[in-house]
Amino acid sequence: MKECTNSGAGVGNDALREEILRLKKEKNAVILAHYYVDGALQDIADYVGDSLALAQKAADAARDADVVVMCGVNFMGETVKVLCPDKTVLMPDLEAGCSLADSCPAEEFAAFVAAHPGHTVISYVNTSIGVKALSDVLVTSSNARRIVESFPADEKIIFGPDRNLGSYINSVTDREMVLWDGACHVHERFSPERIAELKAAHPDAPVLAHPECRRPVLLLADKVGSTAALLEYALASPAKEFIVATESGILHQMRKGAPEKTFIAAPPTDSTCGCNECAYMKLNTLAKLRDCLRDGKPEIQVDPELAERALRPIERMLSLC
Ligand code: 13P
Ligand code: SF4
């Protein structure tokens, strides 16, 4: 099996990196990156984080900048634009979508909401701006449990779009939220059988899993959490080896933070490759980052009316966590 080595070492990228740093200064730009993008991008970013931290950081980071570049996927760029409407928000590649966001078209979600009158609508941040605009409050994998628990136990709740995160939150909060039937194609691919085989070969290695994974995978996990929570756990744990069931970009920060530990990427069901990558996140490259800074495009644009409606549930989330 091929080992995952998302090191970000990027042989021959020095000139590119220098150009990016020069352009960043020239354009007064700030670069944000999610843990799933290539290690070379994480290393050049001003701030690397999970979805929650990136949303929290956006307004802060943009305060003195004219341009914000989001190395991640579209819904993250849209969130930054909603929070910082007067800034230019660029992305290295606008094709960087999200299968989970795509699994919940806004018109269909509107009909789902209409079919459940009297329900509070809690949506995962991995959604289009149209779905955000239909929501009462947003959550990320970092704060979903806390925000759901901030509502009374008998609150009627719709949770969308991730059925795996939703059913995980239902199980740990003892709720019966009505779930939208969506999922992330990357996290759905993790194989409980292959993880169990790895666990048998590495009995002392805790299994770390993102809550977007299916229930049989979560049942094998020693720690379920957002990318930031898994990273924190791995760095603090006395264990020497870990089996990691989330997108393999996170291994870069784990290996950087604890070079003496071994991080084993949990394999997907249907591949001979030993790791599991989000093809959308991997559309971000150093060359495209350089191009977008140089050309001032592609730029994230959002419908102002939708942005105004989406801002409320985003701000409500940020006030609750
Ligand atoms: P985090 O909330 O952990 O950053 O996860 C984002 C994501 O896209 C998971 O697939
Ligand atoms: Fe979307 Fe899944 Fe990629 Fe995360 S890993 S950005 S949920 S497709």
# chains A, B, ... in the order shown; residues from 1 in each chain; ligands from 1

$ closest_atom_pairs --of "chain A" --to "ligand 1" --cutoff "6 Å" --atoms "only C-alpha atoms and all ligand atoms" --output "tab-separated table"
residue	atom	partner	partner_atom_place_in_ligand_line	distance
A:Asp50	CA	ligand 1	4 (O)	3.4
A:Ser51	CA	ligand 1	4 (O)	3.8
A:Thr140	CA	ligand 1	2 (O)	5.1
A:Ser141	CA	ligand 1	2 (O)	4.5
A:Ser226	CA	ligand 1	3 (O)	3.6
A:Thr227	CA	ligand 1	3 (O)	3.8

$ residues_near_ligand --ligand "ligand 2" --cutoff "6 Å" --atoms "only C-alpha atoms and all ligand atoms" --output "MDAnalysis selection string"
chainID A and resid 73 98:100 184:186 278 280

$ select_by_dssp --residues "range 159-296 of chain A" --states "alpha helix (DSSP H)" --output "PyMOL selection string"
chain A and resi 163-173+185-188+192-201+215-218+227-236+250-257+286-295

$ atom_distance --atom1 "CA of Asn126 in chain A" --atom2 "CA of Leu165 in chain A"
11.4 Å

$ select_by_dssp --residues "range 167-243 of chain A" --states "strand (DSSP E)" --output "list in words"
Val178, Leu179, Val207, Leu208, Ala209, Lys223, Val224, Glu241, Phe242 and Ile243 of chain A
